[in-house]
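Remarks on the structure that follows.
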Amino acid sequence: MEPFELTVSQATRMIASGELSPLTLMESLLERIQQMEPLLKAWVTLDREAAMDAAQASERDLLRSGPRGLLHGIPVGIKDIFYTAGVKTTACSDVYADFMPTYDATCVAKLKAEGVIVLGKTVTTPYAASDPSPTVNPWNPEHTPGGSSSGSSVAVAARMCPVALGSQTVGSTLRPAAYNGIVGLKPTYGRISIVGVMPLGWSLDTVGILARSTEDAALLLQAMAGHDPYDPASSTEPVPDYRKGLDLLDRPPHIGLVRDFFYERAYKEVQAHTDAIAQLLSEAGAVIHEMNLPASFIGNEAAGNVTFKVEAAAVHEVEFRAGPHRYPPLIRAMIEEGMEISAVEYARAQRTRAEFRRDIKETLGKVDVLLTPSTPTSAPRDLATTGEKHFQGPWTTAGLPCISLPSGLDSFGLPLGIQLVGTWYAEARLLAVANWCETALGPVPAPPVD
């Protein structure tokens, strides 16, 4: 196995034992990027010399005093809406094309404290919204990689970095994870600080993790979770040991299969695939319950759309009024719609969100997780779209933790995924169930683009 193929978990163990040096890992990844990047276009900013200098410093620290932290020597891709001190943070937009932060986002600073090396900044759709990016899908470059965390997802899937940061305001972590055949984790709203992350919707924005295993996602969550007094939405809930918790299930999981809403919108192949996965998990020992969603689910989706548009308009109001022509068409239309929504309609949306949170709490209390398809189809053959976000949006609107796991390929050879939904701040249980499912599902192939 080449070093660039290693997962975070494999690499951290090998670095700690002396089998692998951070410098060797970095050299392998940079060679991989040189090979893959011309086709896939996953990176905005990549300073090879700075990356090699950081790897050399990491190796010196390792030899002098051992691993600095949980992720010593691990290169990470950072979505280009996260502040990185001394490195451009552009949101892939004209407005911020020359913006150079003087400090790191809180989550980036926490990763660095655990020994992470910032490999580079990955492509996002402009402002992390709906207009597509130049990145293409490594499974088939004629298909969308999804968005907005397109560069992060593709970089991880194509083995250009072992893990990357994304964000999710509607479906921007789990959808591209599913389209690219990797793991995507969106924690509970407030579980990871969003200080230093360019906002899009204040009551929705959540740091996401793109990885190739549940264990890797747990490691990154461990490093970043926790209260931040500078983030008014940051939770004070205690942070458990997510990695140790992966194997703590004392019984097979109880999984609630949700067909209504999702199967109505999913292609028949996705419906059949999800049923087959539920059967496979049942045969492995899981207890599958067929679940119905509360009636407030549908209203919650509409409330999320209102919230997203209004809050995006509020975030961008000053820059937008100064130069609307600098915004690409889809986010421009969304901001304009948001400016026209009344305060009364916005207030009603917040009440609807609260009603759904009340109702879904009872549903989630009956099982360990809910199971749905991650997306209605595999990645569409259309580079002008980032795909459908309806399957993630309602959960994001409610602030719930979700994970997408790669679960196989469709008849076109493109990845499909399953989405698991947990209850608030129960990431430990969600990850444990996901880890159990991952074992039952078996290994996931790498993309064929090489």
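Letters for chains follow the order of the structure tokens (A, B, ...), residue numbers begin at 1 for each chain, and ligand numbers begin at 1 in the order shown.
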Report as a Markdown table: every residue of segment 2-47 of chain A with an atom at most 10 Å from segment 86-100 of chain A, its closest pair of atoms, and their distance in Å to one decimal, counting only C-alpha atoms, with rows sorted by chain and ascending residue number.
```
| residue | atom | partner | partner_atom | distance |
| --- | --- | --- | --- | --- |
| A:Val44 | CA | A:Cys92 | CA | 7.7 |
| A:Thr45 | CA | A:Lys88 | CA | 7.4 |
| A:Leu46 | CA | A:Val87 | CA | 9.6 |
| A:Asp47 | CA | A:Val87 | CA | 9.4 |
```
Written file, previous selection with N, CA and C atoms, as a compact mmCIF listing (two decimals), in the first residue's frame:
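Contents of part.txt, as written:
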```
# COMPACT_ATOMS: atom_id res chain seq x y z
N VAL A 44 -7.77 24.93 -4.26
CA VAL A 44 -7.69 26.36 -4.55
C VAL A 44 -6.28 26.87 -4.29
N THR A 45 -5.77 26.57 -3.10
CA THR A 45 -4.45 27.02 -2.67
C THR A 45 -3.66 25.82 -2.19
N LEU A 46 -2.48 25.62 -2.78
CA LEU A 46 -1.62 24.50 -2.40
C LEU A 46 -0.18 24.96 -2.52
N ASP A 47 0.46 25.18 -1.38
CA ASP A 47 1.86 25.61 -1.34
C ASP A 47 2.71 24.40 -0.99
```
* To do: Please provide the set of residues having any atom within 6 Å of segment 104-120 of chain A, restricted to only C-alpha atoms, with same-chain residues fewer than 2 positions apart removed, written as a list in words.
  => Thr45, Leu46, Ala51, Arg68, Gly69, Leu70, Leu71, His72, Gly73, Ile74, Pro75, Val76, Gly77, Phe82, Tyr83, Thr84, Ala85, Val195, Gly196, Ala223 and Met224 of chain A
* **Selection near Asp228 of chain A, 8 Å with only C-alpha atoms, sequence-local residues under 4 positions removed, as a ChimeraX atom specification** => /A:106,193,234-235
* Structure fact -> Among A:Leu63, A:Val136, A:Met52, A:Ala313, Asp382 of chain A is approached most closely, using only C-alpha atoms, by A:Val136
* Residues flagged helix (DSSP H, G or I) by DSSP in segment 41-276 of chain A, as a PyMOL selection string -> chain A and resi 48-65+106-113+126-128+150-157+174-180+214-224+242-245+262-265+268-276
Would you output that residue set with C-alpha atoms, as a PDB file, in the first residue's frame?
```
ATOM      1  CA  ARG A  48       4.017  22.538  -1.819  1.00  0.00           C
ATOM      2  CA  GLU A  49       7.096  24.126  -0.293  1.00  0.00           C
ATOM      3  CA  ALA A  50       5.213  25.205   2.829  1.00  0.00           C
ATOM      4  CA  ALA A  51       3.636  21.740   3.108  1.00  0.00           C
ATOM      5  CA  MET A  52       7.043  20.058   2.928  1.00  0.00           C
ATOM      6  CA  ASP A  53       8.482  22.497   5.494  1.00  0.00           C
ATOM      7  CA  ALA A  54       5.598  21.698   7.839  1.00  0.00           C
ATOM      8  CA  ALA A  55       6.147  17.950   7.367  1.00  0.00           C
ATOM      9  CA  GLN A  56       9.855  18.318   8.125  1.00  0.00           C
ATOM     10  CA  ALA A  57       9.041  20.284  11.285  1.00  0.00           C
ATOM     11  CA  SER A  58       6.519  17.613  12.256  1.00  0.00           C
ATOM     12  CA  GLU A  59       9.156  14.923  11.815  1.00  0.00           C
ATOM     13  CA  ARG A  60      11.671  16.835  13.933  1.00  0.00           C
ATOM     14  CA  ASP A  61       9.089  17.268  16.704  1.00  0.00           C
ATOM     15  CA  LEU A  62       8.260  13.583  16.548  1.00  0.00           C
ATOM     16  CA  LEU A  63      11.898  12.524  16.898  1.00  0.00           C
ATOM     17  CA  ARG A  64      12.516  15.023  19.697  1.00  0.00           C
ATOM     18  CA  SER A  65       9.454  14.524  21.893  1.00  0.00           C
ATOM     19  CA  THR A 106     -11.174  27.637  16.134  1.00  0.00           C
ATOM     20  CA  CYS A 107     -11.563  24.131  14.673  1.00  0.00           C
ATOM     21  CA  VAL A 108      -8.425  24.567  12.529  1.00  0.00           C
ATOM     22  CA  ALA A 109      -6.482  25.768  15.570  1.00  0.00           C
ATOM     23  CA  LYS A 110      -7.662  22.711  17.512  1.00  0.00           C
ATOM     24  CA  LEU A 111      -6.512  20.410  14.719  1.00  0.00           C
ATOM     25  CA  LYS A 112      -3.101  22.067  14.643  1.00  0.00           C
ATOM     26  CA  ALA A 113      -2.835  21.610  18.408  1.00  0.00           C
ATOM     27  CA  PRO A 126     -18.882  30.131  -4.282  1.00  0.00           C
ATOM     28  CA  TYR A 127     -19.717  31.207  -0.716  1.00  0.00           C
ATOM     29  CA  ALA A 128     -20.510  27.527   0.057  1.00  0.00           C
ATOM     30  CA  SER A 150     -16.820  19.542  -3.550  1.00  0.00           C
ATOM     31  CA  GLY A 151     -13.042  19.904  -3.339  1.00  0.00           C
ATOM     32  CA  SER A 152     -12.797  18.317   0.117  1.00  0.00           C
ATOM     33  CA  SER A 153     -14.883  15.309  -0.915  1.00  0.00           C
ATOM     34  CA  VAL A 154     -13.018  14.728  -4.174  1.00  0.00           C
ATOM     35  CA  ALA A 155      -9.606  15.170  -2.562  1.00  0.00           C
ATOM     36  CA  VAL A 156     -10.414  12.498   0.038  1.00  0.00           C
ATOM     37  CA  ALA A 157     -12.048  10.115  -2.460  1.00  0.00           C
ATOM     38  CA  LEU A 174     -23.275  14.363   3.319  1.00  0.00           C
ATOM     39  CA  ARG A 175     -24.399  14.806  -0.285  1.00  0.00           C
ATOM     40  CA  PRO A 176     -20.884  15.128  -1.805  1.00  0.00           C
ATOM     41  CA  ALA A 177     -19.686  12.355   0.502  1.00  0.00           C
ATOM     42  CA  ALA A 178     -22.323  10.041  -0.982  1.00  0.00           C
ATOM     43  CA  TYR A 179     -21.608  11.126  -4.561  1.00  0.00           C
ATOM     44  CA  ASN A 180     -17.887  10.434  -4.123  1.00  0.00           C
ATOM     45  CA  THR A 214     -15.978   6.030  10.565  1.00  0.00           C
ATOM     46  CA  GLU A 215     -12.919   5.765  12.805  1.00  0.00           C
ATOM     47  CA  ASP A 216     -11.262   8.621  10.930  1.00  0.00           C
ATOM     48  CA  ALA A 217     -14.379  10.768  11.334  1.00  0.00           C
ATOM     49  CA  ALA A 218     -14.378   9.981  15.072  1.00  0.00           C
ATOM     50  CA  LEU A 219     -10.748  11.066  15.383  1.00  0.00           C
ATOM     51  CA  LEU A 220     -11.384  14.411  13.704  1.00  0.00           C
ATOM     52  CA  LEU A 221     -14.518  15.003  15.764  1.00  0.00           C
ATOM     53  CA  GLN A 222     -12.550  14.214  18.930  1.00  0.00           C
ATOM     54  CA  ALA A 223      -9.973  16.839  18.020  1.00  0.00           C
ATOM     55  CA  MET A 224     -12.469  19.616  17.217  1.00  0.00           C
ATOM     56  CA  TYR A 242     -15.528   9.022  20.375  1.00  0.00           C
ATOM     57  CA  ARG A 243     -12.787   6.646  19.266  1.00  0.00           C
ATOM     58  CA  LYS A 244     -13.141   4.385  22.293  1.00  0.00           C
ATOM     59  CA  GLY A 245     -16.887   4.507  21.906  1.00  0.00           C
ATOM     60  CA  PHE A 262     -37.450   9.564   0.895  1.00  0.00           C
ATOM     61  CA  TYR A 263     -38.714   6.697  -1.255  1.00  0.00           C
ATOM     62  CA  GLU A 264     -41.227   9.011  -2.930  1.00  0.00           C
ATOM     63  CA  ARG A 265     -38.308  11.085  -4.230  1.00  0.00           C
ATOM     64  CA  LYS A 268     -36.292   2.869  -7.977  1.00  0.00           C
ATOM     65  CA  GLU A 269     -32.692   1.626  -8.032  1.00  0.00           C
ATOM     66  CA  VAL A 270     -31.941   3.653  -4.903  1.00  0.00           C
ATOM     67  CA  GLN A 271     -35.094   2.340  -3.214  1.00  0.00           C
ATOM     68  CA  ALA A 272     -34.111  -1.257  -4.009  1.00  0.00           C
ATOM     69  CA  HIS A 273     -30.531  -0.630  -2.919  1.00  0.00           C
ATOM     70  CA  THR A 274     -31.606   0.826   0.432  1.00  0.00           C
ATOM     71  CA  ASP A 275     -33.961  -2.103   1.059  1.00  0.00           C
ATOM     72  CA  ALA A 276     -31.121  -4.507   0.226  1.00  0.00           C
TER      73      ALA A 276
END
```
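Taking atom CA of Trp43 of chain A and atom CA of Met26 of chain A as endpoints, the distance between them is 15.7 Å.
Interatomic distance, atom CA of Pro329 of chain A against atom CA of Ala129 of chain A: 10.7 Å.
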Could you produce a table of the residues of segment 329-429 of chain A lying within 7 Å of segment 284-298 of chain A, with the nearest pair of atoms per residue and their separation in Å rounded to one decimal, using only C-alpha atoms, ordered by chain and increasing residue number, as a tab-separated table?
```
residue	atom	partner	partner_atom	distance
A:Glu355	CA	A:Ser296	CA	6.9
A:Phe356	CA	A:Ser296	CA	5.3
A:Asp359	CA	A:Pro294	CA	6.3
A:Ile360	CA	A:Pro294	CA	6.7
```
* Hey, what does DSSP flag as strand (DSSP E or B) within segment 18-251 of chain A? Can you give it to me as number ranges by chain? -> A: 43-45, 75-79, 82, 84, 87, 117-122, 163-168, 183-186, 192, 197, 206-211, 225
Please, could you write that set of residues out with C-alpha atoms as an mmCIF file, in the first residue's frame?
```
data_model
loop_
_atom_site.group_PDB
_atom_site.id
_atom_site.type_symbol
_atom_site.label_atom_id
_atom_site.label_comp_id
_atom_site.auth_asym_id
_atom_site.auth_seq_id
_atom_site.Cartn_x
_atom_site.Cartn_y
_atom_site.Cartn_z
ATOM 1 C CA TRP A 43 -7.592 22.556 -4.712
ATOM 2 C CA VAL A 44 -7.692 26.364 -4.551
ATOM 3 C CA THR A 45 -4.449 27.019 -2.668
ATOM 4 C CA PRO A 75 -2.129 16.324 6.363
ATOM 5 C CA VAL A 76 -5.671 17.712 6.163
ATOM 6 C CA GLY A 77 -7.504 19.536 3.375
ATOM 7 C CA ILE A 78 -9.380 22.621 4.573
ATOM 8 C CA LYS A 79 -12.456 23.903 2.736
ATOM 9 C CA PHE A 82 -12.274 28.234 7.018
ATOM 10 C CA THR A 84 -6.254 29.877 7.973
ATOM 11 C CA VAL A 87 -3.165 31.565 3.881
ATOM 12 C CA ILE A 117 -0.577 19.767 8.978
ATOM 13 C CA VAL A 118 -2.735 22.026 6.801
ATOM 14 C CA LEU A 119 -2.047 20.580 3.354
ATOM 15 C CA GLY A 120 -3.992 23.231 1.435
ATOM 16 C CA LYS A 121 -7.355 24.858 0.822
ATOM 17 C CA THR A 122 -9.965 22.882 -1.094
ATOM 18 C CA VAL A 163 -9.300 13.598 5.460
ATOM 19 C CA ALA A 164 -10.725 17.069 4.895
ATOM 20 C CA LEU A 165 -13.000 19.635 6.472
ATOM 21 C CA GLY A 166 -16.307 20.587 4.915
ATOM 22 C CA SER A 167 -19.382 22.414 6.143
ATOM 23 C CA GLN A 168 -23.115 21.836 5.989
ATOM 24 C CA VAL A 183 -17.844 8.940 4.737
ATOM 25 C CA GLY A 184 -19.401 12.312 5.595
ATOM 26 C CA LEU A 185 -20.172 13.336 9.173
ATOM 27 C CA LYS A 186 -22.284 16.340 10.188
ATOM 28 C CA ILE A 192 -17.898 22.146 16.843
ATOM 29 C CA VAL A 197 -15.814 29.841 9.380
ATOM 30 C CA THR A 206 -22.168 23.154 10.928
ATOM 31 C CA VAL A 207 -18.574 22.006 10.479
ATOM 32 C CA GLY A 208 -18.460 18.744 8.512
ATOM 33 C CA ILE A 209 -15.882 15.970 8.196
ATOM 34 C CA LEU A 210 -15.030 14.088 4.980
ATOM 35 C CA ALA A 211 -13.145 10.842 5.561
ATOM 36 C CA ALA A 225 -15.489 19.114 19.499
#
```
* Structure fact -> A straight line from atom CA of Ala16 of chain A to atom CA of Ala428 of chain A spans 24.7 Å
Give one line per residue of segment 239-349 of chain A that approaches segment 433-443 of chain A to at most 8 Å, naming the two atoms of the closest pair and their distance in Å to one decimal, counting only C-alpha atoms; sort by chain then ascending residue number and deliver it as a tab-separated table.
```
residue	atom	partner	partner_atom	distance
A:Leu246	CA	A:Asn435	CA	6.3
A:Asp247	CA	A:Asn435	CA	7.8
A:Leu249	CA	A:Val433	CA	7.6
A:Pro253	CA	A:Val433	CA	6.3
A:Ile277	CA	A:Leu441	CA	8.0
A:Leu280	CA	A:Ala440	CA	7.6
A:Leu281	CA	A:Ala440	CA	6.6
A:Ala284	CA	A:Ala440	CA	6.5
```
Only C-alpha atoms, please: the residues just picked out, written as a PDB file, in the first residue's frame.
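See part.pdb below for the written result:
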```
ATOM      1  CA  LEU A 246     -16.774   2.945  18.427  1.00  0.00           C
ATOM      2  CA  ASP A 247     -16.734  -0.592  19.852  1.00  0.00           C
ATOM      3  CA  LEU A 249     -22.257  -1.346  21.455  1.00  0.00           C
ATOM      4  CA  PRO A 253     -28.220  -1.754  16.854  1.00  0.00           C
ATOM      5  CA  ILE A 277     -28.804  -2.725   2.669  1.00  0.00           C
ATOM      6  CA  LEU A 280     -28.020  -7.079   4.850  1.00  0.00           C
ATOM      7  CA  LEU A 281     -27.832  -5.258   8.171  1.00  0.00           C
ATOM      8  CA  ALA A 284     -25.834  -9.240  10.341  1.00  0.00           C
TER       9      ALA A 284
END
```
* **Residues within 8 Å of Leu430 of chain A, only C-alpha atoms, excluding chain neighbours under 2 positions, as a list of chain:residue names** => A:Asp368, A:Val369, A:Pro401, A:Cys402, A:Ile403, A:Leu420, A:Val421, A:Gly422, A:Ala426, A:Glu427, A:Ala428, A:Ala432, A:Val433, A:Ala434
Kindly export the residues of the current selection with C-alpha atoms, as an mmCIF file, in the first residue's frame.
```cif
data_model
loop_
_atom_site.group_PDB
_atom_site.id
_atom_site.type_symbol
_atom_site.label_atom_id
_atom_site.label_comp_id
_atom_site.auth_asym_id
_atom_site.auth_seq_id
_atom_site.Cartn_x
_atom_site.Cartn_y
_atom_site.Cartn_z
ATOM 1 C CA ASP A 368 -30.553 4.037 17.954
ATOM 2 C CA VAL A 369 -30.570 5.724 14.535
ATOM 3 C CA PRO A 401 -26.136 14.703 13.792
ATOM 4 C CA CYS A 402 -25.988 12.602 10.610
ATOM 5 C CA ILE A 403 -23.476 10.412 8.829
ATOM 6 C CA LEU A 420 -27.887 7.486 9.479
ATOM 7 C CA VAL A 421 -29.502 10.089 11.730
ATOM 8 C CA GLY A 422 -28.967 10.249 15.485
ATOM 9 C CA ALA A 426 -25.367 11.445 20.646
ATOM 10 C CA GLU A 427 -22.501 11.329 18.147
ATOM 11 C CA ALA A 428 -20.846 8.574 20.168
ATOM 12 C CA ALA A 432 -20.724 3.296 17.062
ATOM 13 C CA VAL A 433 -23.715 2.230 14.964
ATOM 14 C CA ALA A 434 -22.042 3.565 11.814
#
```
* Asked: Which residues come within 12 Å of Pro232 of chain A, counting only C-alpha atoms, excluding same-chain residues fewer than 5 positions away, as a PyMOL selection string?
  -> chain A and resi 189-195+202-203+227
Expected file contents, prior selection, N, CA and C atoms, as an mmCIF file, in the first residue's frame:
```
data_model
loop_
_atom_site.group_PDB
_atom_site.id
_atom_site.type_symbol
_atom_site.label_atom_id
_atom_site.label_comp_id
_atom_site.auth_asym_id
_atom_site.auth_seq_id
_atom_site.Cartn_x
_atom_site.Cartn_y
_atom_site.Cartn_z
ATOM 1 N N TYR A 189 -25.567 20.552 15.605
ATOM 2 C CA TYR A 189 -25.339 21.996 15.543
ATOM 3 C C TYR A 189 -24.801 22.471 16.888
ATOM 4 N N GLY A 190 -23.649 23.151 16.873
ATOM 5 C CA GLY A 190 -23.036 23.647 18.098
ATOM 6 C C GLY A 190 -22.004 22.724 18.708
ATOM 7 N N ARG A 191 -21.849 21.527 18.167
ATOM 8 C CA ARG A 191 -20.869 20.570 18.712
ATOM 9 C C ARG A 191 -19.430 21.005 18.421
ATOM 10 N N ILE A 192 -19.206 21.614 17.225
ATOM 11 C CA ILE A 192 -17.898 22.146 16.843
ATOM 12 C C ILE A 192 -18.061 23.639 16.617
ATOM 13 N N SER A 193 -17.156 24.431 17.133
ATOM 14 C CA SER A 193 -17.222 25.877 16.969
ATOM 15 C C SER A 193 -17.173 26.276 15.492
ATOM 16 N N ILE A 194 -17.962 27.306 15.145
ATOM 17 C CA ILE A 194 -17.897 27.846 13.789
ATOM 18 C C ILE A 194 -17.240 29.233 13.766
ATOM 19 N N VAL A 195 -16.539 29.600 14.835
ATOM 20 C CA VAL A 195 -15.776 30.848 14.835
ATOM 21 C C VAL A 195 -14.660 30.737 13.799
ATOM 22 N N TRP A 202 -26.627 31.417 9.984
ATOM 23 C CA TRP A 202 -26.120 31.345 11.355
ATOM 24 C C TRP A 202 -26.740 30.225 12.182
ATOM 25 N N SER A 203 -28.017 29.954 11.998
ATOM 26 C CA SER A 203 -28.661 28.935 12.837
ATOM 27 C C SER A 203 -28.592 27.544 12.218
ATOM 28 N N HIS A 227 -16.648 23.200 23.757
ATOM 29 C CA HIS A 227 -17.203 24.551 23.897
ATOM 30 C C HIS A 227 -16.199 25.614 23.481
#
```
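Here the question is which of A:Gly299, A:Pro415, A:Pro162, A:Pro134 gets nearest to Gln10 of chain A using only C-alpha atoms, and that residue is A:Pro162.
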